[in-house]
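Trainee: For reference, this is entry_3.cif, and it has mmCIF, N, CA and C atoms.
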```cif
data_upload
loop_
_atom_site.label_atom_id
_atom_site.label_comp_id
_atom_site.auth_asym_id
_atom_site.auth_seq_id
_atom_site.Cartn_x
_atom_site.Cartn_y
_atom_site.Cartn_z
N MET A 1 -11.83 8.21 -13.71
CA MET A 1 -10.77 7.25 -13.84
C MET A 1 -9.44 7.94 -13.56
N GLY A 2 -8.54 7.25 -12.89
CA GLY A 2 -7.26 7.83 -12.54
C GLY A 2 -6.13 6.86 -12.80
N ILE A 3 -5.15 6.93 -11.94
CA ILE A 3 -3.96 6.08 -12.04
C ILE A 3 -3.94 5.17 -10.82
N ASP A 4 -3.83 3.88 -11.06
CA ASP A 4 -3.67 2.89 -9.99
C ASP A 4 -2.28 2.29 -10.10
N LEU A 5 -1.61 2.20 -8.97
CA LEU A 5 -0.29 1.59 -8.90
C LEU A 5 -0.40 0.28 -8.15
N PHE A 6 0.16 -0.78 -8.70
CA PHE A 6 0.14 -2.08 -8.05
C PHE A 6 1.57 -2.55 -7.86
N GLY A 7 1.94 -2.76 -6.59
CA GLY A 7 3.29 -3.17 -6.26
C GLY A 7 3.33 -4.60 -5.78
N ARG A 8 4.33 -4.89 -4.99
CA ARG A 8 4.53 -6.24 -4.48
C ARG A 8 3.45 -6.60 -3.48
N GLY A 9 3.11 -7.86 -3.47
CA GLY A 9 2.07 -8.31 -2.55
C GLY A 9 0.75 -7.66 -2.91
N GLU A 10 0.12 -7.10 -1.93
CA GLU A 10 -1.17 -6.44 -2.16
C GLU A 10 -1.05 -4.92 -2.13
N ALA A 11 0.18 -4.43 -2.22
CA ALA A 11 0.40 -2.99 -2.15
C ALA A 11 -0.22 -2.29 -3.36
N GLU A 12 -0.94 -1.21 -3.09
CA GLU A 12 -1.50 -0.42 -4.17
C GLU A 12 -1.66 1.02 -3.72
N ALA A 13 -1.71 1.90 -4.71
CA ALA A 13 -1.92 3.32 -4.45
C ALA A 13 -2.77 3.86 -5.59
N ARG A 14 -3.57 4.87 -5.29
CA ARG A 14 -4.46 5.46 -6.29
C ARG A 14 -4.28 6.96 -6.32
N PHE A 15 -4.31 7.49 -7.54
CA PHE A 15 -4.14 8.92 -7.74
C PHE A 15 -5.07 9.39 -8.85
N SER A 16 -5.44 10.65 -8.81
CA SER A 16 -6.04 11.27 -9.98
C SER A 16 -4.90 11.47 -10.97
N HIS A 17 -5.23 11.70 -12.23
CA HIS A 17 -4.17 11.96 -13.21
C HIS A 17 -3.33 13.16 -12.79
N ASP A 18 -4.00 14.22 -12.35
CA ASP A 18 -3.27 15.42 -11.92
C ASP A 18 -2.41 15.16 -10.69
N GLY A 19 -2.95 14.41 -9.73
CA GLY A 19 -2.20 14.10 -8.53
C GLY A 19 -0.94 13.31 -8.83
N TRP A 20 -1.05 12.34 -9.74
CA TRP A 20 0.11 11.53 -10.13
C TRP A 20 1.15 12.40 -10.83
N ARG A 21 0.69 13.25 -11.76
CA ARG A 21 1.63 14.15 -12.45
C ARG A 21 2.33 15.08 -11.46
N ASN A 22 1.58 15.57 -10.47
CA ASN A 22 2.19 16.45 -9.46
C ASN A 22 3.29 15.72 -8.70
N CYS A 23 3.05 14.46 -8.35
CA CYS A 23 4.07 13.68 -7.64
C CYS A 23 5.30 13.47 -8.50
N LEU A 24 5.09 13.14 -9.77
CA LEU A 24 6.22 12.95 -10.69
C LEU A 24 7.00 14.24 -10.86
N ASN A 25 6.29 15.36 -11.01
CA ASN A 25 6.96 16.66 -11.16
C ASN A 25 7.76 17.03 -9.92
N LEU A 26 7.25 16.69 -8.76
CA LEU A 26 7.98 16.96 -7.52
C LEU A 26 9.27 16.14 -7.49
N ALA A 27 9.16 14.87 -7.83
CA ALA A 27 10.35 14.01 -7.85
C ALA A 27 11.38 14.54 -8.86
N LEU A 28 10.92 14.97 -10.02
CA LEU A 28 11.83 15.54 -11.02
C LEU A 28 12.53 16.78 -10.48
N ALA A 29 11.78 17.63 -9.80
CA ALA A 29 12.35 18.86 -9.24
C ALA A 29 13.41 18.57 -8.19
N PHE A 30 13.35 17.39 -7.58
CA PHE A 30 14.31 17.02 -6.55
C PHE A 30 15.28 15.94 -7.00
N GLY A 31 15.50 15.88 -8.32
CA GLY A 31 16.61 15.08 -8.82
C GLY A 31 16.33 13.70 -9.40
N TRP A 32 15.08 13.30 -9.46
CA TRP A 32 14.79 11.98 -10.06
C TRP A 32 15.06 12.04 -11.55
N ARG A 33 15.74 11.04 -12.05
CA ARG A 33 16.00 10.91 -13.48
C ARG A 33 15.30 9.64 -13.96
N PRO A 34 14.12 9.79 -14.53
CA PRO A 34 13.33 8.62 -14.92
C PRO A 34 14.07 7.72 -15.90
N ALA A 35 14.02 6.44 -15.64
CA ALA A 35 14.65 5.46 -16.53
C ALA A 35 13.72 5.09 -17.68
N GLY A 36 12.45 5.42 -17.54
CA GLY A 36 11.46 5.02 -18.54
C GLY A 36 10.82 3.70 -18.13
N THR A 37 9.56 3.59 -18.38
CA THR A 37 8.84 2.37 -18.01
C THR A 37 9.04 1.29 -19.06
N VAL A 38 8.75 0.07 -18.66
CA VAL A 38 8.82 -1.08 -19.55
C VAL A 38 7.38 -1.43 -19.94
N HIS A 39 7.12 -1.46 -21.23
CA HIS A 39 5.78 -1.80 -21.71
C HIS A 39 5.49 -3.27 -21.41
N ARG A 40 4.27 -3.57 -21.08
CA ARG A 40 3.91 -4.94 -20.70
C ARG A 40 4.18 -5.95 -21.79
N HIS A 41 4.19 -5.54 -23.05
CA HIS A 41 4.45 -6.46 -24.16
C HIS A 41 5.93 -6.55 -24.51
N GLU A 42 6.76 -5.78 -23.83
CA GLU A 42 8.18 -5.77 -24.15
C GLU A 42 8.83 -7.12 -23.88
N TYR A 43 8.24 -7.90 -23.00
CA TYR A 43 8.80 -9.22 -22.71
C TYR A 43 8.72 -10.13 -23.94
N MET A 44 7.82 -9.83 -24.85
CA MET A 44 7.68 -10.62 -26.08
C MET A 44 8.37 -9.92 -27.25
N GLY A 45 8.98 -8.82 -27.01
CA GLY A 45 9.63 -8.02 -28.04
C GLY A 45 9.19 -6.58 -27.89
N PRO A 46 10.10 -5.62 -28.03
CA PRO A 46 9.77 -4.22 -27.78
C PRO A 46 8.71 -3.70 -28.76
N PRO A 47 7.71 -3.00 -28.25
CA PRO A 47 6.71 -2.41 -29.13
C PRO A 47 7.31 -1.21 -29.86
N ASN A 48 6.84 -0.97 -31.03
CA ASN A 48 7.33 0.18 -31.80
C ASN A 48 6.87 1.47 -31.16
N GLY A 49 7.83 2.33 -30.89
CA GLY A 49 7.50 3.66 -30.43
C GLY A 49 7.05 3.81 -28.99
N TRP A 50 7.22 2.81 -28.13
CA TRP A 50 6.82 2.97 -26.72
C TRP A 50 7.72 4.02 -26.09
N PRO A 51 7.15 5.11 -25.58
CA PRO A 51 7.96 6.21 -25.07
C PRO A 51 8.45 6.04 -23.63
N GLY A 52 8.12 4.94 -22.99
CA GLY A 52 8.52 4.77 -21.59
C GLY A 52 7.71 5.64 -20.65
N ASP A 53 6.48 5.91 -21.01
CA ASP A 53 5.60 6.86 -20.36
C ASP A 53 5.21 6.45 -18.93
N TYR A 54 5.06 7.46 -18.06
CA TYR A 54 4.61 7.26 -16.68
C TYR A 54 3.19 7.78 -16.46
N VAL A 55 2.66 8.56 -17.38
CA VAL A 55 1.39 9.25 -17.13
C VAL A 55 0.18 8.61 -17.80
N THR A 56 0.37 7.49 -18.44
CA THR A 56 -0.75 6.74 -18.97
C THR A 56 -0.95 5.52 -18.07
N ASN A 57 -2.07 4.87 -18.21
CA ASN A 57 -2.29 3.67 -17.42
C ASN A 57 -2.42 2.48 -18.37
N ASP A 58 -1.26 2.06 -18.89
CA ASP A 58 -1.17 1.00 -19.88
C ASP A 58 -0.54 -0.27 -19.31
N PHE A 59 -0.60 -0.44 -18.01
CA PHE A 59 -0.04 -1.61 -17.33
C PHE A 59 1.48 -1.68 -17.48
N GLN A 60 2.12 -0.52 -17.68
CA GLN A 60 3.56 -0.50 -17.82
C GLN A 60 4.23 -0.71 -16.47
N LEU A 61 5.48 -1.17 -16.51
CA LEU A 61 6.23 -1.51 -15.30
C LEU A 61 7.28 -0.46 -15.01
N VAL A 62 7.34 -0.04 -13.76
CA VAL A 62 8.43 0.79 -13.25
C VAL A 62 9.39 -0.19 -12.58
N THR A 63 10.63 -0.20 -12.99
CA THR A 63 11.61 -1.17 -12.49
C THR A 63 11.97 -0.91 -11.03
N ASP A 64 12.60 -1.89 -10.40
CA ASP A 64 13.05 -1.75 -9.01
C ASP A 64 13.93 -0.52 -8.83
N ASP A 65 14.96 -0.40 -9.65
CA ASP A 65 15.90 0.71 -9.50
C ASP A 65 15.23 2.06 -9.71
N ASP A 66 14.34 2.13 -10.69
CA ASP A 66 13.65 3.38 -10.97
C ASP A 66 12.69 3.75 -9.85
N ALA A 67 11.98 2.76 -9.32
CA ALA A 67 11.05 3.01 -8.21
C ALA A 67 11.81 3.51 -6.99
N LYS A 68 12.95 2.91 -6.72
CA LYS A 68 13.74 3.32 -5.55
C LYS A 68 14.35 4.71 -5.76
N ALA A 69 14.73 5.03 -6.99
CA ALA A 69 15.24 6.37 -7.29
C ALA A 69 14.12 7.41 -7.14
N LEU A 70 12.91 7.05 -7.54
CA LEU A 70 11.75 7.92 -7.35
C LEU A 70 11.52 8.17 -5.86
N ALA A 71 11.60 7.10 -5.07
CA ALA A 71 11.43 7.22 -3.62
C ALA A 71 12.49 8.13 -3.01
N THR A 72 13.72 7.99 -3.45
CA THR A 72 14.83 8.81 -2.93
C THR A 72 14.58 10.29 -3.21
N ALA A 73 14.12 10.60 -4.41
CA ALA A 73 13.84 12.01 -4.74
C ALA A 73 12.69 12.55 -3.90
N LEU A 74 11.67 11.72 -3.70
CA LEU A 74 10.53 12.16 -2.87
C LEU A 74 10.96 12.37 -1.43
N ARG A 75 11.82 11.49 -0.90
CA ARG A 75 12.34 11.67 0.47
C ARG A 75 13.17 12.95 0.56
N ARG A 76 13.93 13.23 -0.49
CA ARG A 76 14.72 14.46 -0.53
C ARG A 76 13.79 15.68 -0.48
N ALA A 77 12.69 15.62 -1.20
CA ALA A 77 11.72 16.71 -1.19
C ALA A 77 11.10 16.89 0.20
N LEU A 78 10.76 15.78 0.82
CA LEU A 78 10.18 15.84 2.17
C LEU A 78 11.17 16.43 3.18
N ARG A 79 12.42 15.98 3.08
CA ARG A 79 13.46 16.48 4.00
C ARG A 79 13.66 17.98 3.81
N ALA A 80 13.69 18.43 2.56
CA ALA A 80 13.87 19.86 2.28
C ALA A 80 12.71 20.67 2.85
N ARG A 81 11.53 20.15 2.73
CA ARG A 81 10.34 20.86 3.24
C ARG A 81 10.34 20.91 4.77
N ARG A 82 10.68 19.78 5.39
CA ARG A 82 10.67 19.73 6.87
C ARG A 82 11.75 20.60 7.49
N THR A 83 12.90 20.68 6.83
CA THR A 83 14.00 21.46 7.38
C THR A 83 13.96 22.91 6.92
N LYS A 84 12.92 23.23 6.14
CA LYS A 84 12.72 24.59 5.63
C LYS A 84 13.93 25.08 4.81
N ARG A 85 14.52 24.12 4.09
CA ARG A 85 15.63 24.45 3.22
C ARG A 85 15.15 25.38 2.11
N ARG A 86 15.99 26.27 1.68
CA ARG A 86 15.63 27.17 0.58
C ARG A 86 15.44 26.35 -0.69
N LEU A 87 14.30 26.54 -1.33
CA LEU A 87 13.95 25.79 -2.53
C LEU A 87 14.12 26.63 -3.78
N THR A 88 14.40 25.95 -4.89
CA THR A 88 14.43 26.65 -6.18
C THR A 88 13.00 26.97 -6.58
N LYS A 89 12.83 27.82 -7.57
CA LYS A 89 11.48 28.14 -8.06
C LYS A 89 10.78 26.88 -8.57
N LYS A 90 11.52 26.04 -9.26
CA LYS A 90 10.95 24.79 -9.77
C LYS A 90 10.47 23.91 -8.62
N GLN A 91 11.27 23.80 -7.57
CA GLN A 91 10.88 23.00 -6.41
C GLN A 91 9.68 23.60 -5.69
N GLN A 92 9.66 24.91 -5.52
CA GLN A 92 8.53 25.57 -4.89
C GLN A 92 7.24 25.33 -5.68
N GLY A 93 7.32 25.45 -6.99
CA GLY A 93 6.16 25.24 -7.84
C GLY A 93 5.65 23.81 -7.77
N ALA A 94 6.57 22.87 -7.69
CA ALA A 94 6.19 21.46 -7.61
C ALA A 94 5.51 21.15 -6.28
N TRP A 95 5.95 21.80 -5.21
CA TRP A 95 5.33 21.57 -3.90
C TRP A 95 3.96 22.21 -3.79
N SER A 96 3.72 23.25 -4.52
CA SER A 96 2.49 24.01 -4.32
C SER A 96 1.23 23.18 -4.50
N ALA A 97 1.30 22.11 -5.29
CA ALA A 97 0.10 21.32 -5.58
C ALA A 97 0.11 19.96 -4.89
N THR A 98 1.03 19.74 -3.97
CA THR A 98 1.21 18.41 -3.41
C THR A 98 1.22 18.43 -1.88
N ARG A 99 0.49 17.52 -1.28
CA ARG A 99 0.45 17.42 0.19
C ARG A 99 1.53 16.47 0.69
N MET A 100 2.10 16.79 1.84
CA MET A 100 3.19 15.99 2.40
C MET A 100 2.78 14.55 2.67
N ASN A 101 1.58 14.33 3.20
CA ASN A 101 1.19 12.96 3.54
C ASN A 101 1.06 12.09 2.29
N VAL A 102 0.67 12.68 1.17
CA VAL A 102 0.58 11.94 -0.09
C VAL A 102 1.99 11.54 -0.54
N ILE A 103 2.91 12.47 -0.46
CA ILE A 103 4.29 12.20 -0.87
C ILE A 103 4.93 11.16 0.03
N CYS A 104 4.66 11.25 1.33
CA CYS A 104 5.18 10.26 2.28
C CYS A 104 4.70 8.86 1.91
N GLY A 105 3.42 8.73 1.62
CA GLY A 105 2.85 7.44 1.26
C GLY A 105 3.42 6.90 -0.03
N LEU A 106 3.59 7.76 -1.03
CA LEU A 106 4.14 7.32 -2.30
C LEU A 106 5.60 6.92 -2.15
N ALA A 107 6.37 7.67 -1.38
CA ALA A 107 7.77 7.31 -1.15
C ALA A 107 7.88 5.92 -0.52
N LYS A 108 7.06 5.67 0.47
CA LYS A 108 7.08 4.35 1.13
C LYS A 108 6.69 3.25 0.13
N PHE A 109 5.67 3.50 -0.67
CA PHE A 109 5.24 2.54 -1.68
C PHE A 109 6.38 2.24 -2.65
N CYS A 110 7.05 3.28 -3.14
CA CYS A 110 8.14 3.12 -4.12
C CYS A 110 9.38 2.43 -3.54
N GLU A 111 9.61 2.62 -2.25
CA GLU A 111 10.77 1.99 -1.61
C GLU A 111 10.68 0.47 -1.64
N ALA A 112 9.48 -0.06 -1.81
CA ALA A 112 9.29 -1.53 -1.86
C ALA A 112 9.74 -2.09 -3.21
N GLY A 113 9.94 -1.24 -4.21
CA GLY A 113 10.45 -1.72 -5.50
C GLY A 113 9.45 -1.59 -6.62
N SER A 114 9.64 -2.40 -7.64
CA SER A 114 8.90 -2.27 -8.90
C SER A 114 7.39 -2.27 -8.70
N PHE A 115 6.72 -1.60 -9.63
CA PHE A 115 5.26 -1.56 -9.61
C PHE A 115 4.73 -1.33 -11.01
N SER A 116 3.47 -1.64 -11.21
CA SER A 116 2.80 -1.42 -12.48
C SER A 116 1.89 -0.21 -12.38
N ILE A 117 1.75 0.49 -13.48
CA ILE A 117 0.86 1.65 -13.58
C ILE A 117 -0.34 1.20 -14.40
N CYS A 118 -1.51 1.19 -13.76
CA CYS A 118 -2.71 0.69 -14.43
C CYS A 118 -3.82 1.73 -14.40
#
```
Have the structure of the file written as structure tokens, please.
Mentor:
Amino acid sequence: MGIDLFGRGEAEARFSHDGWRNCLNLALAFGWRPAGTVHRHEYMGPPNGWPGDYVTNDFQLVTDDDAKALATALRRALRARRTKRRLTKKQQGAWSATRMNVICGLAKFCEAGSFSIC
């Protein structure tokens, strides 16, 4: 079992737990500031103690702005890699476990806006 992302229309993406964490860590290394997810029950009132988590599959929602910010950070990572820009140790470590085509696909998915993590 892994992480499934469901976006607008029929858009979806699938990751292993490790693969998803690697993508999030890469985005963090390149400037993404997570806004926190919205719990699916928050529409009826905020649940006690929901941490805004991205690494569980509880049908939480990543907002439009947060998804687009995630995409921007991933594009920044791709651009740095393609132009052979000098990377920080944190950025180098984040890239070591992630393939460019996976990041490209996730950036495109996130650019479409909000999605659920299932």
Trainee: Taking the backbone alone, and naming residues the way the document does, which bits of chain A are strand (DSSP E or B) by DSSP, as a PyMOL selection string?
Mentor: chain A and resi 3-6+12-15+38+60-62+115-117
Trainee: Where does range 54-89 of chain A meet range 23-27 of chain A within 6.5 Å, residue by residue, with the nearest atom pair and distance in Å to one decimal for each, counting only N, CA and C atoms, listed by chain and rising number, as CSV?
Mentor:
```
residue,atom,partner,partner_atom,distance
A:Leu70,CA,A:Ala27,CA,6.3
A:Ala73,C,A:Ala27,CA,4.8
A:Leu74,N,A:Ala27,CA,4.9
```
Trainee: Please expand the PyMOL selection byres ((chain A and resi 112) around 7) into the concrete residues it hits in this file, giving the result as a list in words.
Mentor: Arg8, Asp64, Ala67, Lys68, Ala107, Lys108, Phe109, Cys110, Glu111, Gly113 and Ser114 of chain A
Trainee: Report, in Å with one decimal, the straight-line distance from CA of Trp20 in chain A to CA of Val55 in chain A.
Mentor: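 Between CA of Trp20 in chain A and CA of Val55 in chain A the gap works out to 7.5 Å.
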Trainee: Considering all atoms listed in the file, can you say which of A:Leu5, A:Leu61, A:Ala29, A:Ile103 comes closest to Arg75 in chain A?
Mentor: A:Ile103
Trainee: Among range 38-110 of chain A, which ones does DSSP place in alpha helix (DSSP H), written as a ChimeraX atom specification?
Mentor: /A:64-82,89-95,100-110
Trainee: Step by step, work through what the PyMOL selection byres ((chain A and resi 38) around 8) selects in the shown file, and finish by giving those residues as an mmCIF file with N, CA and C atoms, in the frame of the given file.
Mentor:
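So out.cif came out as:
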```
data_model
loop_
_atom_site.group_PDB
_atom_site.id
_atom_site.type_symbol
_atom_site.label_atom_id
_atom_site.label_comp_id
_atom_site.auth_asym_id
_atom_site.auth_seq_id
_atom_site.Cartn_x
_atom_site.Cartn_y
_atom_site.Cartn_z
ATOM 1 N N ALA A 35 14.020 6.440 -15.640
ATOM 2 C CA ALA A 35 14.650 5.460 -16.530
ATOM 3 C C ALA A 35 13.720 5.090 -17.680
ATOM 4 N N GLY A 36 12.450 5.420 -17.540
ATOM 5 C CA GLY A 36 11.460 5.020 -18.540
ATOM 6 C C GLY A 36 10.820 3.700 -18.130
ATOM 7 N N THR A 37 9.560 3.590 -18.380
ATOM 8 C CA THR A 37 8.840 2.370 -18.010
ATOM 9 C C THR A 37 9.040 1.290 -19.060
ATOM 10 N N HIS A 39 7.120 -1.460 -21.230
ATOM 11 C CA HIS A 39 5.780 -1.800 -21.710
ATOM 12 C C HIS A 39 5.490 -3.270 -21.410
ATOM 13 N N ARG A 40 4.270 -3.570 -21.080
ATOM 14 C CA ARG A 40 3.910 -4.940 -20.700
ATOM 15 C C ARG A 40 4.180 -5.950 -21.790
ATOM 16 N N HIS A 41 4.190 -5.540 -23.050
ATOM 17 C CA HIS A 41 4.450 -6.460 -24.160
ATOM 18 C C HIS A 41 5.930 -6.550 -24.510
ATOM 19 N N GLU A 42 6.760 -5.780 -23.830
ATOM 20 C CA GLU A 42 8.180 -5.770 -24.150
ATOM 21 C C GLU A 42 8.830 -7.120 -23.880
ATOM 22 N N TYR A 43 8.240 -7.900 -23.000
ATOM 23 C CA TYR A 43 8.800 -9.220 -22.710
ATOM 24 C C TYR A 43 8.720 -10.130 -23.940
ATOM 25 N N PRO A 51 7.150 5.110 -25.580
ATOM 26 C CA PRO A 51 7.960 6.210 -25.070
ATOM 27 C C PRO A 51 8.450 6.040 -23.630
ATOM 28 N N GLY A 52 8.120 4.940 -22.990
ATOM 29 C CA GLY A 52 8.520 4.770 -21.590
ATOM 30 C C GLY A 52 7.710 5.640 -20.650
ATOM 31 N N ASP A 53 6.480 5.910 -21.010
ATOM 32 C CA ASP A 53 5.600 6.860 -20.360
ATOM 33 C C ASP A 53 5.210 6.450 -18.930
ATOM 34 N N PHE A 59 -0.600 -0.440 -18.010
ATOM 35 C CA PHE A 59 -0.040 -1.610 -17.330
ATOM 36 C C PHE A 59 1.480 -1.680 -17.480
ATOM 37 N N GLN A 60 2.120 -0.520 -17.680
ATOM 38 C CA GLN A 60 3.560 -0.500 -17.820
ATOM 39 C C GLN A 60 4.230 -0.710 -16.470
ATOM 40 N N LEU A 61 5.480 -1.170 -16.510
ATOM 41 C CA LEU A 61 6.230 -1.510 -15.300
ATOM 42 C C LEU A 61 7.280 -0.460 -15.010
ATOM 43 N N VAL A 62 7.340 -0.040 -13.760
ATOM 44 C CA VAL A 62 8.430 0.790 -13.250
ATOM 45 C C VAL A 62 9.390 -0.190 -12.580
ATOM 46 N N THR A 63 10.630 -0.200 -12.990
ATOM 47 C CA THR A 63 11.610 -1.170 -12.490
ATOM 48 C C THR A 63 11.970 -0.910 -11.030
#
```
Trainee: Interatomic distance between CA of Trp32 in chain A and atom N of Ser96 in chain A?
Mentor: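 Straight-line distance from CA of Trp32 in chain A to atom N of Ser96 in chain A works out to 16.7 Å.
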Trainee: Can you sort out the box for range 100-108 of chain A, edges along x, y and z, all listed atoms in, 3 Å on every side, with centre and edge lengths in Å to one decimal, as JSON?
Mentor:
```
{"center_x": 4.2, "center_y": 10.0, "center_z": 0.6, "size_x": 13.3, "size_y": 19.5, "size_z": 11.8}
```
Trainee: Expressed in Å to a single decimal, how great is the separation between CA of Gly7 in chain A and atom N of Ser116 in chain A?
Mentor: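 Going from CA of Gly7 in chain A over to atom N of Ser116 in chain A covers 5.2 Å.
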Trainee: Residues within 9 Å of Asp4 in chain A, please, as a list of chain:residue names. Count only C-alpha atoms; anything in the same chain fewer than 2 positions from it doesn't count.
Mentor: A:Gly2, A:Phe6, A:Glu12, A:Ala13, A:Arg14, A:Phe15, A:Ser16, A:Asn57, A:Ser116, A:Ile117, A:Cys118
Trainee: Could you tell me which residues the PyMOL selection byres (((chain A and resi 91 and name CA) around 12) and name CA) grabs in this file, written as a VMD selection string?
Mentor: chain A and resid 22 to 31 73 to 74 76 to 78 80 to 81 85 to 90 92 to 98
